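Engineer: query-v1.cif (mmCIF, C-alpha atoms) pasted underneath:
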data_input
#
loop_
_atom_site.label_atom_id
_atom_site.label_comp_id
_atom_site.auth_asym_id
_atom_site.auth_seq_id
_atom_site.Cartn_x
_atom_site.Cartn_y
_atom_site.Cartn_z
CA MET D 1 -24.32 -20.62 -8.26
CA SER D 2 -27.74 -21.23 -6.75
CA HIS D 3 -29.35 -18.12 -8.22
CA HIS D 4 -29.15 -19.74 -11.69
CA LYS D 5 -31.69 -22.40 -10.64
CA VAL D 6 -35.37 -21.87 -11.49
CA GLU D 7 -38.02 -23.93 -9.70
CA VAL D 8 -41.68 -24.03 -10.64
CA LYS D 9 -43.79 -25.77 -7.99
CA ASN D 10 -47.38 -26.83 -8.69
CA VAL D 11 -48.26 -23.60 -10.51
CA HIS D 12 -51.84 -22.93 -11.58
CA PHE D 13 -53.10 -19.92 -13.51
CA SER D 14 -56.47 -18.93 -15.00
CA TYR D 15 -57.31 -15.88 -17.06
CA PRO D 16 -60.32 -13.69 -16.19
CA GLY D 17 -63.43 -15.53 -17.23
CA GLY D 18 -62.16 -18.85 -15.94
CA GLN D 19 -59.93 -20.02 -18.82
CA GLU D 20 -57.43 -22.33 -17.10
CA ALA D 21 -54.11 -21.87 -18.89
CA ILE D 22 -51.63 -23.55 -16.51
CA ARG D 23 -52.65 -26.61 -14.51
CA GLY D 24 -50.28 -27.82 -11.81
CA ILE D 25 -46.95 -27.44 -13.62
CA SER D 26 -43.73 -28.31 -11.76
CA PHE D 27 -40.13 -28.47 -13.00
CA THR D 28 -36.59 -27.34 -12.12
CA ILE D 29 -34.06 -25.81 -14.51
CA TYR D 30 -30.44 -25.89 -13.38
CA HIS D 31 -27.41 -23.68 -13.98
CA GLY D 32 -26.13 -23.87 -17.55
CA GLU D 33 -29.07 -25.79 -19.01
CA ALA D 34 -30.62 -24.82 -22.33
CA VAL D 35 -34.26 -25.87 -22.06
CA ALA D 36 -37.01 -25.56 -24.66
CA ILE D 37 -40.67 -25.35 -23.72
CA ILE D 38 -42.75 -26.48 -26.69
CA GLY D 39 -46.40 -27.14 -27.43
CA ALA D 40 -49.20 -26.39 -29.85
CA ASN D 41 -50.83 -22.94 -30.03
CA GLY D 42 -52.75 -22.31 -26.82
CA ALA D 43 -50.85 -24.96 -24.85
CA GLY D 44 -49.71 -22.37 -22.27
CA LYS D 45 -46.10 -21.68 -23.30
CA SER D 46 -46.22 -17.88 -23.41
CA THR D 47 -48.37 -17.76 -20.27
CA LEU D 48 -45.74 -19.80 -18.48
CA LEU D 49 -42.97 -17.40 -19.55
CA MET D 50 -44.98 -14.43 -18.32
CA LEU D 51 -45.43 -16.17 -14.98
CA LEU D 52 -41.67 -16.76 -14.74
CA MET D 53 -41.02 -13.05 -15.34
CA GLY D 54 -43.70 -11.78 -12.94
CA LEU D 55 -45.83 -10.32 -15.73
CA LEU D 56 -48.61 -12.61 -14.48
CA TRP D 57 -49.05 -14.09 -11.00
CA PRO D 58 -49.96 -17.70 -10.16
CA ASP D 59 -53.35 -18.47 -8.63
CA GLU D 60 -51.64 -21.30 -6.76
CA GLY D 61 -48.09 -22.63 -6.36
CA GLU D 62 -44.78 -20.78 -6.36
CA ILE D 63 -41.78 -19.90 -8.50
CA LEU D 64 -38.27 -19.62 -7.08
CA VAL D 65 -35.08 -18.24 -8.62
CA GLY D 66 -32.32 -19.79 -6.54
CA GLU D 67 -33.65 -19.53 -3.00
CA THR D 68 -35.68 -16.38 -3.72
CA ARG D 69 -39.44 -16.72 -4.08
CA LEU D 70 -40.91 -14.66 -6.91
CA SER D 71 -43.09 -11.94 -5.39
CA ARG D 72 -44.00 -8.34 -6.11
CA ARG D 73 -41.64 -7.18 -3.38
CA ASN D 74 -38.54 -8.78 -4.82
CA LEU D 75 -39.48 -8.55 -8.51
CA PRO D 76 -36.73 -5.97 -9.33
CA LEU D 77 -34.11 -8.37 -7.96
CA ILE D 78 -35.55 -11.28 -9.93
CA ARG D 79 -35.52 -9.27 -13.16
CA GLN D 80 -31.83 -8.50 -12.69
CA ARG D 81 -31.22 -12.25 -12.66
CA MET D 82 -33.58 -13.16 -15.52
CA GLY D 83 -33.97 -11.28 -18.79
CA MET D 84 -36.72 -11.92 -21.34
CA VAL D 85 -36.60 -11.34 -25.10
CA PHE D 86 -40.17 -11.00 -26.38
CA GLN D 87 -41.47 -12.63 -29.55
CA ASP D 88 -41.94 -9.25 -31.25
CA PRO D 89 -38.77 -7.10 -31.07
CA ASP D 90 -40.90 -3.97 -31.48
CA ASP D 91 -42.18 -4.61 -27.96
CA GLN D 92 -38.64 -3.94 -26.67
CA LEU D 93 -37.34 -1.30 -29.07
CA PHE D 94 -38.98 2.06 -28.44
CA MET D 95 -36.19 4.63 -28.13
CA THR D 96 -34.83 6.83 -30.92
CA THR D 97 -31.63 4.79 -31.39
CA VAL D 98 -30.48 1.23 -30.79
CA GLY D 99 -27.87 2.50 -28.33
CA ASP D 100 -30.49 4.25 -26.24
CA ASP D 101 -32.64 1.11 -26.22
CA VAL D 102 -29.73 -1.01 -24.98
CA ALA D 103 -28.88 1.65 -22.37
CA PHE D 104 -32.46 1.92 -21.08
CA GLY D 105 -32.27 -0.99 -18.60
CA PRO D 106 -28.95 -0.06 -16.98
CA ARG D 107 -30.03 3.58 -16.74
CA ASN D 108 -33.27 2.51 -15.11
CA TYR D 109 -31.16 0.96 -12.36
CA GLN D 110 -29.37 4.30 -11.97
CA LEU D 111 -25.91 3.07 -12.94
CA ASP D 112 -23.38 5.80 -13.71
CA GLU D 113 -22.96 6.73 -17.36
CA ALA D 114 -19.49 5.20 -17.66
CA GLU D 115 -20.89 1.82 -16.56
CA VAL D 116 -23.90 2.25 -18.88
CA ALA D 117 -21.64 3.01 -21.85
CA GLN D 118 -19.50 -0.04 -21.13
CA ARG D 119 -22.53 -2.32 -20.88
CA VAL D 120 -23.98 -0.96 -24.13
CA SER D 121 -20.70 -1.51 -25.94
CA GLU D 122 -20.33 -5.06 -24.59
CA ALA D 123 -23.92 -6.04 -25.40
CA LEU D 124 -23.73 -4.72 -28.97
CA GLU D 125 -20.44 -6.54 -29.48
CA GLN D 126 -21.94 -9.79 -28.17
CA VAL D 127 -24.63 -9.74 -30.87
CA ASP D 128 -22.25 -8.29 -33.49
CA ILE D 129 -24.12 -5.05 -34.18
CA PRO D 130 -21.91 -2.24 -32.77
CA HIS D 131 -22.28 -0.48 -36.14
CA LEU D 132 -26.03 -0.10 -35.49
CA LYS D 133 -25.67 1.86 -32.25
CA GLU D 134 -26.89 5.16 -33.74
CA ARG D 135 -29.45 3.59 -36.08
CA ALA D 136 -33.17 4.12 -35.49
CA PRO D 137 -34.83 0.79 -34.61
CA PHE D 138 -37.56 1.23 -37.22
CA LYS D 139 -34.86 1.24 -39.93
CA LEU D 140 -33.53 -2.20 -38.96
CA SER D 141 -34.20 -5.50 -40.72
CA GLY D 142 -36.03 -8.27 -38.89
CA GLY D 143 -32.79 -10.02 -37.98
CA GLU D 144 -31.16 -6.77 -36.85
CA LYS D 145 -34.17 -5.97 -34.67
CA ARG D 146 -33.95 -9.41 -33.06
CA ALA D 147 -30.24 -8.91 -32.32
CA ALA D 148 -30.93 -5.43 -30.89
CA ALA D 149 -33.71 -6.80 -28.67
CA ILE D 150 -31.35 -9.48 -27.35
CA ALA D 151 -28.75 -6.77 -26.66
CA THR D 152 -31.25 -4.81 -24.54
CA VAL D 153 -31.45 -7.86 -22.27
CA LEU D 154 -27.73 -8.66 -22.29
CA SER D 155 -26.91 -5.12 -21.11
CA MET D 156 -28.58 -6.05 -17.82
CA ARG D 157 -26.12 -8.96 -17.44
CA PRO D 158 -28.74 -11.54 -16.44
CA ASP D 159 -27.83 -15.06 -15.36
CA ILE D 160 -30.83 -16.55 -17.16
CA LEU D 161 -32.10 -15.71 -20.67
CA ILE D 162 -35.78 -16.31 -21.44
CA MET D 163 -36.73 -16.16 -25.12
CA ASP D 164 -40.18 -16.35 -26.69
CA GLU D 165 -40.03 -17.59 -30.32
CA PRO D 166 -36.55 -16.14 -31.06
CA THR D 167 -36.57 -17.20 -34.74
CA SER D 168 -40.16 -16.15 -35.50
CA SER D 169 -40.63 -14.33 -38.85
CA LEU D 170 -36.93 -14.40 -39.74
CA ASP D 171 -35.51 -15.20 -43.17
CA PRO D 172 -33.16 -18.23 -43.36
CA GLN D 173 -29.96 -16.19 -43.08
CA SER D 174 -31.22 -14.19 -40.09
CA ARG D 175 -32.50 -17.37 -38.47
CA ARG D 176 -29.10 -19.01 -38.84
CA ARG D 177 -27.48 -15.97 -37.25
CA VAL D 178 -29.82 -16.07 -34.24
CA VAL D 179 -29.18 -19.80 -33.78
CA GLY D 180 -25.46 -19.04 -33.77
CA LEU D 181 -25.98 -16.31 -31.18
CA LEU D 182 -27.99 -18.60 -28.91
CA ASN D 183 -25.32 -21.27 -29.06
CA SER D 184 -22.61 -18.73 -28.26
CA PHE D 185 -24.23 -17.63 -24.98
CA GLN D 186 -23.13 -19.37 -21.79
CA HIS D 187 -26.27 -18.30 -19.90
CA THR D 188 -28.91 -20.65 -18.60
CA LYS D 189 -31.52 -20.47 -21.39
CA ILE D 190 -35.28 -21.05 -21.43
CA ILE D 191 -36.73 -20.92 -24.94
CA THR D 192 -40.23 -21.37 -26.36
CA SER D 193 -40.56 -22.01 -30.07
CA HIS D 194 -42.49 -23.75 -32.84
CA ASP D 195 -39.18 -24.00 -34.72
CA LEU D 196 -38.26 -27.48 -33.56
CA ASP D 197 -35.19 -27.65 -35.77
CA MET D 198 -33.86 -24.60 -33.91
CA VAL D 199 -34.74 -26.31 -30.62
CA LEU D 200 -32.81 -29.40 -31.69
CA GLU D 201 -29.77 -27.26 -32.50
CA THR D 202 -29.78 -25.09 -29.36
CA CYS D 203 -31.35 -27.02 -26.46
CA GLN D 204 -30.30 -30.13 -24.56
CA ARG D 205 -33.63 -30.62 -22.80
CA VAL D 206 -37.26 -30.23 -23.91
CA ILE D 207 -40.43 -29.79 -21.85
CA VAL D 208 -43.63 -30.47 -23.80
CA ILE D 209 -46.78 -28.65 -22.68
CA LYS D 210 -50.28 -29.87 -23.57
CA GLU D 211 -53.40 -28.07 -22.35
CA GLY D 212 -51.52 -26.36 -19.55
CA MET D 213 -49.84 -29.52 -18.23
CA ILE D 214 -46.46 -31.18 -18.79
CA ALA D 215 -46.79 -34.06 -21.25
CA ALA D 216 -43.06 -34.88 -21.38
CA ASP D 217 -39.74 -33.66 -20.00
CA GLY D 218 -36.48 -35.17 -21.21
CA PRO D 219 -33.40 -34.98 -23.45
CA ALA D 220 -34.06 -33.06 -26.67
CA GLN D 221 -33.00 -35.88 -28.99
CA GLU D 222 -35.24 -38.34 -27.16
CA VAL D 223 -38.32 -36.11 -27.05
CA LEU D 224 -38.01 -34.70 -30.58
CA THR D 225 -37.71 -38.15 -32.17
CA ASN D 226 -40.85 -39.43 -30.42
CA ARG D 227 -43.32 -39.04 -33.26
CA THR D 228 -46.26 -40.48 -31.29
CA LEU D 229 -45.75 -38.09 -28.40
CA LEU D 230 -45.35 -35.05 -30.62
CA GLU D 231 -48.42 -35.83 -32.72
CA HIS D 232 -50.45 -36.42 -29.54
CA CYS D 233 -49.45 -32.88 -28.48
CA GLY D 234 -50.27 -31.27 -31.84
CA LEU D 235 -46.65 -31.09 -33.00
CA GLU D 236 -44.49 -32.64 -35.71
CA MET D 237 -40.93 -33.90 -35.64
CA PRO D 238 -38.25 -31.41 -36.74
CA LEU D 239 -37.99 -31.28 -40.53
CA SER D 240 -34.34 -32.33 -40.29
CA LEU D 241 -35.47 -35.63 -38.74
CA GLN D 242 -38.42 -36.39 -41.01
CA ASN D 243 -38.28 -38.88 -43.87
CA CYS D 244 -37.09 -37.64 -47.25
CA PRO D 245 -40.24 -36.59 -49.23
CA TYR D 246 -38.77 -38.00 -52.47
CA CYS D 247 -37.29 -41.39 -51.54
CA GLY D 248 -38.93 -41.99 -48.14
CA THR D 249 -35.58 -42.69 -46.50
CA SER D 250 -35.58 -42.10 -42.76
CA LYS D 251 -32.96 -39.56 -41.70
CA LEU D 252 -32.92 -41.13 -38.23
CA ASN D 253 -31.23 -44.22 -39.65
CA LYS D 254 -28.39 -42.34 -41.28
CA PRO D 255 -24.98 -42.25 -39.56
#
Here is the file; what I need is its structure written in the form of structure tokens.
Structural biologist:
Amino acid sequence: MSHHKVEVKNVHFSYPGGQEAIRGISFTIYHGEAVAIIGANGAGKSTLLMLLMGLLWPDEGEILVGETRLSRRNLPLIRQRMGMVFQDPDDQLFMTTVGDDVAFGPRNYQLDEAEVAQRVSEALEQVDIPHLKERAPFKLSGGEKRAAAIATVLSMRPDILIMDEPTSSLDPQSRRRVVGLLNSFQHTKIITSHDLDMVLETCQRVIVIKEGMIAADGPAQEVLTNRTLLEHCGLEMPLSLQNCPYCGTSKLNKP
């Protein structure tokens, strides 16, 4: 299905004051891919996600979802195809109950209440929190908030999920649960994260950003085992691939 494809063509973006955040980035993400966009702080990852969602607009270049060019005129259509989960769940949870938060998007598109109720039920089931439907968001744990925020996007039934630091600030058990959720979704996924072990577990392809430009784009295993590349871009190899701190044995050489 062509509308699952995302193309970024020679995109440039500068913030007011002249800070150039994105400098001529181009790539294509195809249906069914799980792609991580990684880089050091300030590399341009979050800016790039905001450009993809039409929260910011390129100074130059274009973004296409399928054959549709991202523009202000067709932004509502684009946002039905792509859904973004923000780094801070509190940015997405603002209603009095979890159920109302998950229903907000479908209601905003004026779907009838029977359809809204069905979408809410399905989304909560997908993230395994139907029991939290009547709970106030501020009473949720960090992991529960993350699941609820994902449900608010799933209720819109997007083709493409965009996630900014999905495991940020989570305890190990909640992190493991989110990783399991990500791997259970069949959507095309675009994920930014500093959690490179999570990236290794959930993504088949990695794009490395350095100073607003693409430094590498390739299979996750290949990119994330390239110590020289990662260090050049202000990153480190995933902990699961680093040498044992006690015996110095390389985990890469183990069967």
Engineer: Could you spell out the hits of the PyMOL selection byres ((chain D and resi 135) around 10) on the shown file, as an MDAnalysis selection string?
Structural biologist: chainID D and resid 96:100 131:134 136:140
Engineer: Using all atoms listed in the file, which of the listed residues (D:Met95, D:Leu111, D:Ala117, D:Val102) sits closest to Ile150 in chain D?
Structural biologist: D:Val102
Engineer: Quick one: apply the PyMOL selection byres ((chain D and resi 13) around 12) to the file and drop the selected residues here as a PyMOL selection string.
Structural biologist: chain D and resi 10-12+14-25+44+47-48+50-52+56-62+212-213
Engineer: So the first atom is CA of Gly32 in chain D and the second is CA of Arg177 in chain D; what is the distance between them in Å, to one decimal place?
Structural biologist: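 If I compute the distance from CA of Gly32 in chain D to CA of Arg177 in chain D, I get 21.3 Å.
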Engineer: Enter the distance from CA of Phe104 in chain D to CA of Thr152 in chain D, in Å, rounded to one decimal.
Structural biologist: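 So the answer is 7.7 Å.
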Engineer: If you measure from CA of Asp128 in chain D to CA of Ala147 in chain D, what distance in Å do you get, rounded to one decimal?
Structural biologist: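 Rounded to one decimal, the two atoms are 8.1 Å apart.
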Engineer: Assuming the chain letters and numbering stay as they are in my file, what does the PyMOL selection byres ((chain D and resi 233) around 7) actually select? List them as a list in words.
Structural biologist: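 In the shown coordinates, the PyMOL selection byres ((chain D and resi 233) around 7) covers Gly39, Ala40, Lys210, Leu229, Leu230, Glu231, His232, Gly234 and Leu235 of chain D.
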Engineer: Applying 10 Å and only C-alpha atoms, which residues near Glu222 in chain D remain after dropping the ones on its own chain fewer than 4 positions away? List them as a count of residues only.
Structural biologist: 6
Engineer: From the set D:Leu77, D:Val208, D:Ile38, D:Cys203, which residue has the shortest atom-to-atom contact distance to Met156 in chain D, counting only C-alpha atoms?
Structural biologist: D:Leu77
Engineer: D:Glu125, D:Asp88, D:Asp101, D:Asp112: which is nearest Thr167 in chain D, counting only C-alpha atoms?
Structural biologist: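 Nearest candidate to Thr167 in chain D out of D:Glu125, D:Asp88, D:Asp101, D:Asp112: D:Asp88.
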Engineer: Please determine, counting all atoms listed in the file, which residue among D:Pro158, D:Gly66, D:Pro166, D:Pro172 has the shortest atom-to-atom distance to Gln186 in chain D.
Structural biologist: D:Pro158
Engineer: Is it possible to get the residues within 12 Å of (-35.9, -8.5, -20.1) (coordinates as in the file, counting all atoms listed in the file) written as a PyMOL selection string?
Structural biologist: chain D and resi 49-50+52-55+76+78-87+89+91-93+101-102+104-106+149-164
Engineer: Restricting the calculation to all atoms listed in the file: of D:Pro219, D:Thr192, D:Gln126, D:Ser240, which residue gets closest to Ala43 in chain D?
Structural biologist: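 Looking at the shortest contact to Ala43 in chain D, the residue is D:Thr192.
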Engineer: Go through D:Ala148, D:Leu182, D:Ala103, D:Val8 one by one, measure the shortest atom-to-atom distance of each to Ile63 in chain D using all atoms listed in the file, and give the residue with the smallest value.
Structural biologist: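 Residue with the minimum atom-to-atom distance to Ile63 in chain D: D:Val8.
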Engineer: Need a file for range 63-187 of chain D from that block: C-alpha atoms, written as a JSON list (two decimals), in the first residue's frame.
Structural biologist:
[["chain", "number", "residue", "atom", "x", "y", "z"],
["D", 63, "ILE", "CA", 8.05, 15.29, 2.59],
["D", 64, "LEU", "CA", 5.66, 12.80, 1.00],
["D", 65, "VAL", "CA", 3.45, 10.15, 2.58],
["D", 66, "GLY", "CA", 2.71, 7.76, -0.26],
["D", 67, "GLU", "CA", 2.07, 10.07, -3.20],
["D", 68, "THR", "CA", 0.72, 12.89, -1.01],
["D", 69, "ARG", "CA", 2.95, 15.88, -0.37],
["D", 70, "LEU", "CA", 2.87, 17.15, 3.20],
["D", 71, "SER", "CA", 1.25, 20.59, 3.21],
["D", 72, "ARG", "CA", -1.01, 22.62, 5.46],
["D", 73, "ARG", "CA", -3.96, 21.88, 3.19],
["D", 74, "ASN", "CA", -3.73, 18.11, 3.46],
["D", 75, "LEU", "CA", -2.32, 17.92, 7.00],
["D", 76, "PRO", "CA", -5.52, 16.35, 8.48],
["D", 77, "LEU", "CA", -5.27, 13.52, 5.94],
["D", 78, "ILE", "CA", -1.59, 12.99, 6.69],
["D", 79, "ARG", "CA", -2.25, 12.82, 10.44],
["D", 80, "GLN", "CA", -4.83, 10.09, 9.89],
["D", 81, "ARG", "CA", -2.08, 8.04, 8.24],
["D", 82, "MET", "CA", 0.70, 8.86, 10.73],
["D", 83, "GLY", "CA", 0.36, 8.98, 14.51],
["D", 84, "MET", "CA", 3.02, 10.32, 16.87],
["D", 85, "VAL", "CA", 3.64, 9.33, 20.49],
["D", 86, "PHE", "CA", 5.51, 12.17, 22.21],
["D", 87, "GLN", "CA", 8.45, 11.68, 24.56],
["D", 88, "ASP", "CA", 6.45, 12.96, 27.55],
["D", 89, "PRO", "CA", 3.08, 11.15, 27.90],
["D", 90, "ASP", "CA", 1.70, 14.14, 29.81],
["D", 91, "ASP", "CA", 1.77, 16.03, 26.52],
["D", 92, "GLN", "CA", -0.91, 13.64, 25.20],
["D", 93, "LEU", "CA", -2.96, 12.87, 28.31],
["D", 94, "PHE", "CA", -5.09, 15.85, 29.32],
["D", 95, "MET", "CA", -8.65, 14.57, 29.77],
["D", 96, "THR", "CA", -10.25, 13.46, 33.04],
["D", 97, "THR", "CA", -10.02, 9.72, 32.24],
["D", 98, "VAL", "CA", -7.86, 7.46, 30.09],
["D", 99, "GLY", "CA", -10.93, 6.46, 28.08],
["D", 100, "ASP", "CA", -11.72, 10.07, 27.22],
["D", 101, "ASP", "CA", -8.11, 10.65, 26.17],
["D", 102, "VAL", "CA", -8.19, 7.64, 23.83],
["D", 103, "ALA", "CA", -11.58, 8.78, 22.47],
["D", 104, "PHE", "CA", -10.44, 12.36, 21.84],
["D", 105, "GLY", "CA", -8.92, 11.76, 18.38],
["D", 106, "PRO", "CA", -11.81, 9.75, 16.90],
["D", 107, "ARG", "CA", -14.32, 12.24, 18.31],
["D", 108, "ASN", "CA", -12.36, 15.09, 16.79],
["D", 109, "TYR", "CA", -12.97, 13.46, 13.41],
["D", 110, "GLN", "CA", -16.70, 13.39, 14.23],
["D", 111, "LEU", "CA", -17.09, 9.61, 14.19],
["D", 112, "ASP", "CA", -20.32, 8.31, 15.70],
["D", 113, "GLU", "CA", -20.17, 7.23, 19.33],
["D", 114, "ALA", "CA", -20.54, 3.52, 18.56],
["D", 115, "GLU", "CA", -17.43, 3.68, 16.35],
["D", 116, "VAL", "CA", -15.59, 5.77, 18.97],
["D", 117, "ALA", "CA", -16.40, 3.24, 21.70],
["D", 118, "GLN", "CA", -15.18, 0.36, 19.53],
["D", 119, "ARG", "CA", -11.92, 2.13, 18.73],
["D", 120, "VAL", "CA", -11.32, 2.96, 22.40],
["D", 121, "SER", "CA", -11.92, -0.64, 23.42],
["D", 122, "GLU", "CA", -9.63, -2.00, 20.69],
["D", 123, "ALA", "CA", -6.82, 0.46, 21.45],
["D", 124, "LEU", "CA", -6.89, -0.23, 25.19],
["D", 125, "GLU", "CA", -6.86, -3.97, 24.51],
["D", 126, "GLN", "CA", -3.88, -3.61, 22.17],
["D", 127, "VAL", "CA", -1.77, -2.07, 24.95],
["D", 128, "ASP", "CA", -3.31, -4.32, 27.63],
["D", 129, "ILE", "CA", -4.82, -1.59, 29.81],
["D", 130, "PRO", "CA", -8.63, -1.93, 29.43],
["D", 131, "HIS", "CA", -8.84, -1.91, 33.24],
["D", 132, "LEU", "CA", -7.51, 1.68, 33.26],
["D", 133, "LYS", "CA", -10.29, 3.13, 31.09],
["D", 134, "GLU", "CA", -11.92, 5.08, 33.96],
["D", 135, "ARG", "CA", -8.67, 5.95, 35.72],
["D", 136, "ALA", "CA", -7.45, 9.55, 35.84],
["D", 137, "PRO", "CA", -4.19, 9.90, 33.88],
["D", 138, "PHE", "CA", -2.41, 11.65, 36.74],
["D", 139, "LYS", "CA", -2.90, 8.52, 38.87],
["D", 140, "LEU", "CA", -1.05, 6.26, 36.42],
["D", 141, "SER", "CA", 2.50, 4.96, 36.73],
["D", 142, "GLY", "CA", 5.10, 5.96, 34.15],
["D", 143, "GLY", "CA", 4.66, 2.73, 32.22],
["D", 144, "GLU", "CA", 0.86, 2.99, 32.35],
["D", 145, "LYS", "CA", 1.02, 6.56, 31.07],
["D", 146, "ARG", "CA", 3.21, 5.45, 28.17],
["D", 147, "ALA", "CA", 0.76, 2.68, 27.26],
["D", 148, "ALA", "CA", -2.18, 5.12, 27.48],
["D", 149, "ALA", "CA", -0.38, 7.63, 25.25],
["D", 150, "ILE", "CA", 0.23, 4.89, 22.67],
["D", 151, "ALA", "CA", -3.46, 3.96, 22.86],
["D", 152, "THR", "CA", -4.48, 7.55, 22.05],
["D", 153, "VAL", "CA", -2.60, 7.15, 18.76],
["D", 154, "LEU", "CA", -3.76, 3.61, 18.01],
["D", 155, "SER", "CA", -7.41, 4.69, 18.31],
["D", 156, "MET", "CA", -6.85, 6.75, 15.15],
["D", 157, "ARG", "CA", -5.80, 3.55, 13.32],
["D", 158, "PRO", "CA", -2.72, 5.06, 11.65],
["D", 159, "ASP", "CA", -0.62, 3.17, 9.13],
["D", 160, "ILE", "CA", 2.62, 4.61, 10.49],
["D", 161, "LEU", "CA", 3.63, 5.00, 14.16],
["D", 162, "ILE", "CA", 6.17, 7.70, 15.04],
["D", 163, "MET", "CA", 7.64, 7.49, 18.54],
["D", 164, "ASP", "CA", 9.97, 9.91, 20.29],
["D", 165, "GLU", "CA", 12.02, 8.19, 23.04],
["D", 166, "PRO", "CA", 9.36, 5.56, 23.89],
["D", 167, "THR", "CA", 11.36, 4.04, 26.79],
["D", 168, "SER", "CA", 12.51, 7.34, 28.33],
["D", 169, "SER", "CA", 12.28, 7.49, 32.16],
["D", 170, "LEU", "CA", 10.80, 3.99, 32.49],
["D", 171, "ASP", "CA", 11.81, 1.42, 35.10],
["D", 172, "PRO", "CA", 13.18, -1.89, 33.74],
["D", 173, "GLN", "CA", 9.86, -3.75, 33.95],
["D", 174, "SER", "CA", 7.93, -0.95, 32.22],
["D", 175, "ARG", "CA", 10.65, -0.66, 29.60],
["D", 176, "ARG", "CA", 10.44, -4.37, 28.85],
["D", 177, "ARG", "CA", 6.67, -4.06, 28.48],
["D", 178, "VAL", "CA", 6.98, -1.17, 25.99],
["D", 179, "VAL", "CA", 9.56, -3.11, 23.97],
["D", 180, "GLY", "CA", 7.11, -6.01, 23.83],
["D", 181, "LEU", "CA", 4.35, -3.68, 22.68],
["D", 182, "LEU", "CA", 6.50, -2.19, 19.92],
["D", 183, "ASN", "CA", 7.42, -5.63, 18.64],
["D", 184, "SER", "CA", 3.77, -6.69, 18.64],
["D", 185, "PHE", "CA", 2.66, -3.86, 16.33],
["D", 186, "GLN", "CA", 2.55, -4.57, 12.59],
["D", 187, "HIS", "CA", 2.65, -0.86, 11.70]]
